[in-house]
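Here's the structure we're looking at; comments come further down.
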Amino acid sequence: MFVKITEQPSLHDDLDKKSVSELLTEMNAEDQKVALAVKAAIPQITKLVEGIVPRMKQGGRIFYMGAGTSGRLGVLDASEIPPTFGMPNTYVVGLIAGGDTALRNPVERAEDDPEKAWQELKDHDISTLDTVIGVAASGTTPYVIGALKHAREFGCLTASISCNPDSPVAQEAEIAIEALVGPEFVTGSTRLKSGTAQKLICNMITTTTMIKMGRVKGNKMVNMQLSNKKLVDRGTRMLVDELGLEYEEAKKLLLLHGSVKKAMDAYKNA
């Protein structure tokens, strides 16, 4: 029988009677369980990334599908790919039940329609090279279940990220990633441990994928967007270290070519 661990009573009681220090200490103790739960899911995350990379090299994309906190985390992860790795915003896409309005405000019953997500995916010209990742802490969100069901039948690679074992969402996915973090500090508040676990997993999926797509050199973000002075300075120092140039010469080269990688390639091929 399917049991929602995420809805089980907190292991900590009388929260309203505790001091701030006690609350923070106990919350931190719970948070330390998250990394271990994610570690246990690495084999499934590995399988997913190894499936994504060859598809993306042929033009495939990643679609995160979620509602509420889970949906916001998918959108957040997708939005960070262009500035961090210099990839177009079409390669990783986050879709949330209720649309962009739901990023800031709850949209009533938006997550209850199992057909809506598939329509949204079709609006993005979904392809069999694409990967659809359903993010749902509870593992029961109809919007996500519908997305995975239709996407898998269509021929996409599908995966789920949930925090309950053997959930309906996991049953619809080819690859089920389960981060079993246990009951939340505040009973049922999956923006806490569950949300943290999902954030870590999303980071792992896309960062590893981007590294395998050649968007990192050594350990440096050589394709990052130069969108502010801090990043221009970081990129300049990368060139100083890599090419042995003086700072001002490296900065001029960087700004001329627009990215660390392009600047390095141009310098080495000159």
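In the structure tokens, the first chain shown is A, the next is B, and so on; residue numbers restart at 1 for each chain, and ligands run from 1 in the order shown.
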
Exercise for the section: Mind checking which residues fall within 8 Å of A:Ala136, counting only C-alpha atoms, ignoring those fewer than 5 positions away in the same chain, and posting them as a list in words? Expected result: Gly66, Ala67, Ser70, Gly71, Thr141, Val144, Ser160, Ile161, Ser162, Cys163 and Val169 of chain A

Can you write just those residues out, N, CA and C atoms, as a CSV table (one decimal), in the first residue's frame?
```csv
chain,number,residue,atom,x,y,z
A,66,GLY,N,6.1,20.3,-13.0
A,66,GLY,CA,5.8,20.2,-11.5
A,66,GLY,C,4.7,21.2,-11.2
A,67,ALA,N,4.3,21.1,-9.9
A,67,ALA,CA,3.3,22.1,-9.4
A,67,ALA,C,3.8,22.6,-8.0
A,70,SER,N,7.6,22.1,-6.1
A,70,SER,CA,8.3,21.3,-7.0
A,70,SER,C,8.4,21.9,-8.4
A,71,GLY,N,7.3,22.5,-8.8
A,71,GLY,CA,7.3,23.2,-10.1
A,71,GLY,C,8.3,24.4,-10.1
A,141,THR,N,0.8,14.1,-7.9
A,141,THR,CA,0.3,15.3,-8.6
A,141,THR,C,-0.3,14.9,-10.0
A,144,VAL,N,1.6,16.1,-13.1
A,144,VAL,CA,2.8,15.5,-13.4
A,144,VAL,C,2.6,14.1,-13.9
A,160,SER,N,11.1,10.6,-12.8
A,160,SER,CA,10.4,11.3,-11.8
A,160,SER,C,11.3,11.6,-10.6
A,161,ILE,N,11.1,12.7,-9.9
A,161,ILE,CA,11.8,13.0,-8.7
A,161,ILE,C,10.8,13.2,-7.6
A,162,SER,N,10.7,12.2,-6.7
A,162,SER,CA,9.7,12.3,-5.6
A,162,SER,C,10.3,11.9,-4.3
A,163,CYS,N,9.6,12.0,-3.2
A,163,CYS,CA,10.1,11.8,-1.9
A,163,CYS,C,9.3,10.8,-1.1
A,169,VAL,N,3.5,8.7,-9.4
A,169,VAL,CA,4.4,9.4,-10.3
A,169,VAL,C,5.5,8.5,-10.7
```

Would you give me, as JSON lines, each residue of stretch 34-125 of chain A having an atom within 8 Å of an atom of stretch 172-195 of chain A, along with its shortest atom pair and that distance in Å to one decimal, using only C-alpha atoms and sorting by chain and residue number?
```
{"residue": "A:Val34", "atom": "CA", "partner": "A:Val181", "partner_atom": "CA", "distance": 5.6}
{"residue": "A:Ala37", "atom": "CA", "partner": "A:Ala179", "partner_atom": "CA", "distance": 5.1}
{"residue": "A:Val38", "atom": "CA", "partner": "A:Ala179", "partner_atom": "CA", "distance": 5.4}
{"residue": "A:Ala40", "atom": "CA", "partner": "A:Ala179", "partner_atom": "CA", "distance": 7.5}
{"residue": "A:Ala41", "atom": "CA", "partner": "A:Ile177", "partner_atom": "CA", "distance": 6.1}
{"residue": "A:Gln44", "atom": "CA", "partner": "A:Ile177", "partner_atom": "CA", "distance": 5.7}
{"residue": "A:Ile45", "atom": "CA", "partner": "A:Ile177", "partner_atom": "CA", "distance": 6.7}
{"residue": "A:Lys47", "atom": "CA", "partner": "A:Ile175", "partner_atom": "CA", "distance": 7.6}
{"residue": "A:Leu48", "atom": "CA", "partner": "A:Ile175", "partner_atom": "CA", "distance": 6.7}
{"residue": "A:Thr69", "atom": "CA", "partner": "A:Arg191", "partner_atom": "CA", "distance": 6.1}
{"residue": "A:Ser70", "atom": "CA", "partner": "A:Gly195", "partner_atom": "CA", "distance": 6.8}
{"residue": "A:Leu73", "atom": "CA", "partner": "A:Gly195", "partner_atom": "CA", "distance": 7.7}
```

Practice task
Compare A:Leu15, A:Met87, A:Met65, A:Ala151 by their minimum atom-to-atom distance to A:Met221, counting only C-alpha atoms, and give me the closest one.
Solution key: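 Of A:Leu15, A:Met87, A:Met65, A:Ala151, the one nearest A:Met221, counting only C-alpha atoms, is A:Met87.
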
Residues near stretch 117-119 of chain A, cut-off 6 Å, only C-alpha atoms, skip fewer than 3 positions along chain, as a PDB file with N, CA and C atoms, in the first residue's frame:
```pdb
ATOM      1  N   LYS A 122       3.069  19.555 -26.001  1.00  0.00           N
ATOM      2  CA  LYS A 122       2.811  19.587 -27.445  1.00  0.00           C
ATOM      3  C   LYS A 122       2.977  20.996 -27.996  1.00  0.00           C
ATOM      4  N   TYR A 143      -1.152  16.580 -12.591  1.00  0.00           N
ATOM      5  CA  TYR A 143      -0.485  17.313 -13.674  1.00  0.00           C
ATOM      6  C   TYR A 143       0.798  16.609 -14.088  1.00  0.00           C
ATOM      7  N   ALA A 147       1.639  14.158 -17.485  1.00  0.00           N
ATOM      8  CA  ALA A 147       2.781  14.497 -18.342  1.00  0.00           C
ATOM      9  C   ALA A 147       3.645  13.268 -18.602  1.00  0.00           C
TER      10      ALA A 147
END
```

Handout entry: A:Pro82 environment, 12 Å, only C-alpha atoms, sequence neighbours closer than 5 positions dropped, as a ChimeraX atom specification
Key = /A:76-77,87-93,206-207,210,215,221,223-227

Got a sec to tell me which of stretch 100-215 of chain A DSSP assigns to alpha helix (DSSP H), as an mmCIF file with N, CA and C atoms, in the first residue's frame?
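The resulting file, states24.cif, is reproduced below:
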```
data_model
loop_
_atom_site.group_PDB
_atom_site.id
_atom_site.type_symbol
_atom_site.label_atom_id
_atom_site.label_comp_id
_atom_site.auth_asym_id
_atom_site.auth_seq_id
_atom_site.Cartn_x
_atom_site.Cartn_y
_atom_site.Cartn_z
ATOM 1 N N LYS A 116 -3.476 18.688 -18.918
ATOM 2 C CA LYS A 116 -2.948 20.019 -19.219
ATOM 3 C C LYS A 116 -1.460 19.989 -19.562
ATOM 4 N N ALA A 117 -0.672 19.237 -18.826
ATOM 5 C CA ALA A 117 0.780 19.232 -19.030
ATOM 6 C C ALA A 117 1.136 18.697 -20.408
ATOM 7 N N TRP A 118 0.442 17.658 -20.853
ATOM 8 C CA TRP A 118 0.749 17.101 -22.173
ATOM 9 C C TRP A 118 0.428 18.111 -23.274
ATOM 10 N N GLN A 119 -0.652 18.863 -23.107
ATOM 11 C CA GLN A 119 -0.963 19.902 -24.079
ATOM 12 C C GLN A 119 0.150 20.951 -24.120
ATOM 13 N N GLU A 120 0.673 21.295 -22.946
ATOM 14 C CA GLU A 120 1.759 22.273 -22.887
ATOM 15 C C GLU A 120 3.023 21.728 -23.547
ATOM 16 N N LEU A 121 3.289 20.448 -23.370
ATOM 17 C CA LEU A 121 4.442 19.842 -24.020
ATOM 18 C C LEU A 121 4.269 19.828 -25.541
ATOM 19 N N LYS A 122 3.069 19.555 -26.001
ATOM 20 C CA LYS A 122 2.811 19.587 -27.445
ATOM 21 C C LYS A 122 2.977 20.996 -27.996
ATOM 22 N N ASP A 123 2.626 21.993 -27.182
ATOM 23 C CA ASP A 123 2.831 23.386 -27.596
ATOM 24 C C ASP A 123 4.309 23.704 -27.795
ATOM 25 N N PRO A 142 -1.556 15.040 -10.210
ATOM 26 C CA PRO A 142 -2.141 14.634 -11.495
ATOM 27 C C PRO A 142 -1.477 15.306 -12.704
ATOM 28 N N TYR A 143 -1.152 16.580 -12.591
ATOM 29 C CA TYR A 143 -0.485 17.313 -13.674
ATOM 30 C C TYR A 143 0.798 16.609 -14.088
ATOM 31 N N VAL A 144 1.561 16.146 -13.117
ATOM 32 C CA VAL A 144 2.834 15.477 -13.383
ATOM 33 C C VAL A 144 2.606 14.054 -13.878
ATOM 34 N N ILE A 145 1.680 13.351 -13.263
ATOM 35 C CA ILE A 145 1.372 11.985 -13.684
ATOM 36 C C ILE A 145 0.951 11.963 -15.146
ATOM 37 N N GLY A 146 0.076 12.892 -15.526
ATOM 38 C CA GLY A 146 -0.388 12.965 -16.913
ATOM 39 C C GLY A 146 0.745 13.256 -17.877
ATOM 40 N N ALA A 147 1.639 14.158 -17.485
ATOM 41 C CA ALA A 147 2.781 14.497 -18.342
ATOM 42 C C ALA A 147 3.645 13.268 -18.602
ATOM 43 N N LEU A 148 3.962 12.531 -17.549
ATOM 44 C CA LEU A 148 4.828 11.363 -17.687
ATOM 45 C C LEU A 148 4.149 10.244 -18.475
ATOM 46 N N LYS A 149 2.887 10.028 -18.217
ATOM 47 C CA LYS A 149 2.150 8.963 -18.912
ATOM 48 C C LYS A 149 2.163 9.198 -20.421
ATOM 49 N N HIS A 150 1.767 10.404 -20.831
ATOM 50 C CA HIS A 150 1.697 10.702 -22.264
ATOM 51 C C HIS A 150 3.088 10.751 -22.886
ATOM 52 N N ALA A 151 4.054 11.327 -22.173
ATOM 53 C CA ALA A 151 5.404 11.447 -22.723
ATOM 54 C C ALA A 151 6.047 10.074 -22.924
ATOM 55 N N ARG A 152 5.821 9.190 -21.988
ATOM 56 C CA ARG A 152 6.399 7.839 -22.109
ATOM 57 C C ARG A 152 5.753 7.085 -23.269
ATOM 58 N N GLU A 153 4.443 7.207 -23.403
ATOM 59 C CA GLU A 153 3.746 6.563 -24.516
ATOM 60 C C GLU A 153 4.211 7.132 -25.854
ATOM 61 N N PHE A 154 4.547 8.405 -25.872
ATOM 62 C CA PHE A 154 4.991 9.087 -27.086
ATOM 63 C C PHE A 154 6.394 8.649 -27.489
ATOM 64 N N PRO A 168 2.583 6.933 -7.360
ATOM 65 C CA PRO A 168 1.982 6.919 -8.692
ATOM 66 C C PRO A 168 2.843 7.623 -9.742
ATOM 67 N N VAL A 169 3.509 8.701 -9.371
ATOM 68 C CA VAL A 169 4.392 9.399 -10.306
ATOM 69 C C VAL A 169 5.548 8.489 -10.717
ATOM 70 N N ALA A 170 6.145 7.812 -9.751
ATOM 71 C CA ALA A 170 7.263 6.919 -10.050
ATOM 72 C C ALA A 170 6.837 5.787 -10.974
ATOM 73 N N GLN A 171 5.617 5.298 -10.815
ATOM 74 C CA GLN A 171 5.130 4.189 -11.631
ATOM 75 C C GLN A 171 4.950 4.573 -13.095
ATOM 76 N N GLU A 172 4.785 5.875 -13.360
ATOM 77 C CA GLU A 172 4.616 6.336 -14.743
ATOM 78 C C GLU A 172 5.941 6.652 -15.422
ATOM 79 N N LYS A 193 12.661 19.640 3.732
ATOM 80 C CA LYS A 193 13.602 18.602 3.314
ATOM 81 C C LYS A 193 13.337 18.096 1.895
ATOM 82 N N SER A 194 12.089 17.879 1.571
ATOM 83 C CA SER A 194 11.769 17.371 0.236
ATOM 84 C C SER A 194 12.197 18.360 -0.836
ATOM 85 N N GLY A 195 11.899 19.640 -0.605
ATOM 86 C CA GLY A 195 12.288 20.658 -1.563
ATOM 87 C C GLY A 195 13.794 20.755 -1.717
ATOM 88 N N THR A 196 14.508 20.649 -0.594
ATOM 89 C CA THR A 196 15.969 20.702 -0.643
ATOM 90 C C THR A 196 16.525 19.525 -1.443
ATOM 91 N N ALA A 197 15.966 18.350 -1.222
ATOM 92 C CA ALA A 197 16.419 17.162 -1.954
ATOM 93 C C ALA A 197 16.165 17.318 -3.448
ATOM 94 N N GLN A 198 15.001 17.824 -3.794
ATOM 95 C CA GLN A 198 14.683 18.008 -5.205
ATOM 96 C C GLN A 198 15.614 19.028 -5.849
ATOM 97 N N LYS A 199 15.914 20.086 -5.124
ATOM 98 C CA LYS A 199 16.839 21.103 -5.639
ATOM 99 C C LYS A 199 18.216 20.484 -5.898
ATOM 100 N N LEU A 200 18.706 19.699 -4.961
ATOM 101 C CA LEU A 200 20.002 19.051 -5.141
ATOM 102 C C LEU A 200 20.007 18.145 -6.364
ATOM 103 N N ILE A 201 18.946 17.376 -6.528
ATOM 104 C CA ILE A 201 18.883 16.420 -7.637
ATOM 105 C C ILE A 201 18.806 17.145 -8.980
ATOM 106 N N CYS A 202 17.993 18.187 -9.050
ATOM 107 C CA CYS A 202 17.923 18.969 -10.290
ATOM 108 C C CYS A 202 19.289 19.559 -10.627
ATOM 109 N N ASN A 203 19.959 20.111 -9.636
ATOM 110 C CA ASN A 203 21.316 20.647 -9.835
ATOM 111 C C ASN A 203 22.246 19.568 -10.383
ATOM 112 N N MET A 204 22.169 18.382 -9.802
ATOM 113 C CA MET A 204 23.054 17.286 -10.218
ATOM 114 C C MET A 204 22.784 16.880 -11.660
ATOM 115 N N ILE A 205 21.515 16.784 -12.019
ATOM 116 C CA ILE A 205 21.147 16.355 -13.369
ATOM 117 C C ILE A 205 21.684 17.327 -14.415
ATOM 118 N N THR A 206 21.364 18.596 -14.249
ATOM 119 C CA THR A 206 21.729 19.544 -15.302
ATOM 120 C C THR A 206 23.215 19.901 -15.280
ATOM 121 N N THR A 207 23.808 20.000 -14.108
ATOM 122 C CA THR A 207 25.240 20.321 -14.060
ATOM 123 C C THR A 207 26.058 19.211 -14.710
ATOM 124 N N THR A 208 25.750 17.973 -14.373
ATOM 125 C CA THR A 208 26.482 16.848 -14.954
ATOM 126 C C THR A 208 26.244 16.774 -16.456
ATOM 127 N N THR A 209 25.007 17.008 -16.864
ATOM 128 C CA THR A 209 24.700 17.013 -18.298
ATOM 129 C C THR A 209 25.496 18.093 -19.025
ATOM 130 N N MET A 210 25.536 19.291 -18.467
ATOM 131 C CA MET A 210 26.256 20.381 -19.122
ATOM 132 C C MET A 210 27.763 20.115 -19.185
ATOM 133 N N ILE A 211 28.310 19.487 -18.143
ATOM 134 C CA ILE A 211 29.735 19.117 -18.178
ATOM 135 C C ILE A 211 29.980 18.141 -19.327
ATOM 136 N N LYS A 212 29.111 17.140 -19.455
ATOM 137 C CA LYS A 212 29.262 16.147 -20.515
ATOM 138 C C LYS A 212 28.958 16.727 -21.893
#
```

Practice task
Choose the residue, out of A:Phe2, A:Tyr267, A:Phe63, A:Tyr247, that has the smallest atom-to-atom separation from A:Val135; count only C-alpha atoms.
Solution key: A:Phe63

Practice task
Mind checking which residues fall within 9 Å of A:Arg55, counting only C-alpha atoms, ignoring those fewer than 6 positions away in the same chain, and posting them as a list in words?
Solution key: Arg61, Thr128, Leu129, Asp130 and Thr131 of chain A

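Minimum atom-to-atom distance to A:Gln8, evaluated using only C-alpha atoms, belongs to A:Ser138 out of A:Asn28, A:Ser167, A:Ser138, A:Asn269.
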
Exercise for the section: Identify, on the basis of only C-alpha atoms, every residue whose closest approach to stretch 257-262 of chain A does not exceed 10 Å; exclude the query and any residue fewer than 4 positions from it along the same chain; express the result as a PyMOL selection string. Expected result: chain A and resi 86+215-217+220-226+232+234-239+242+250-253+266-268
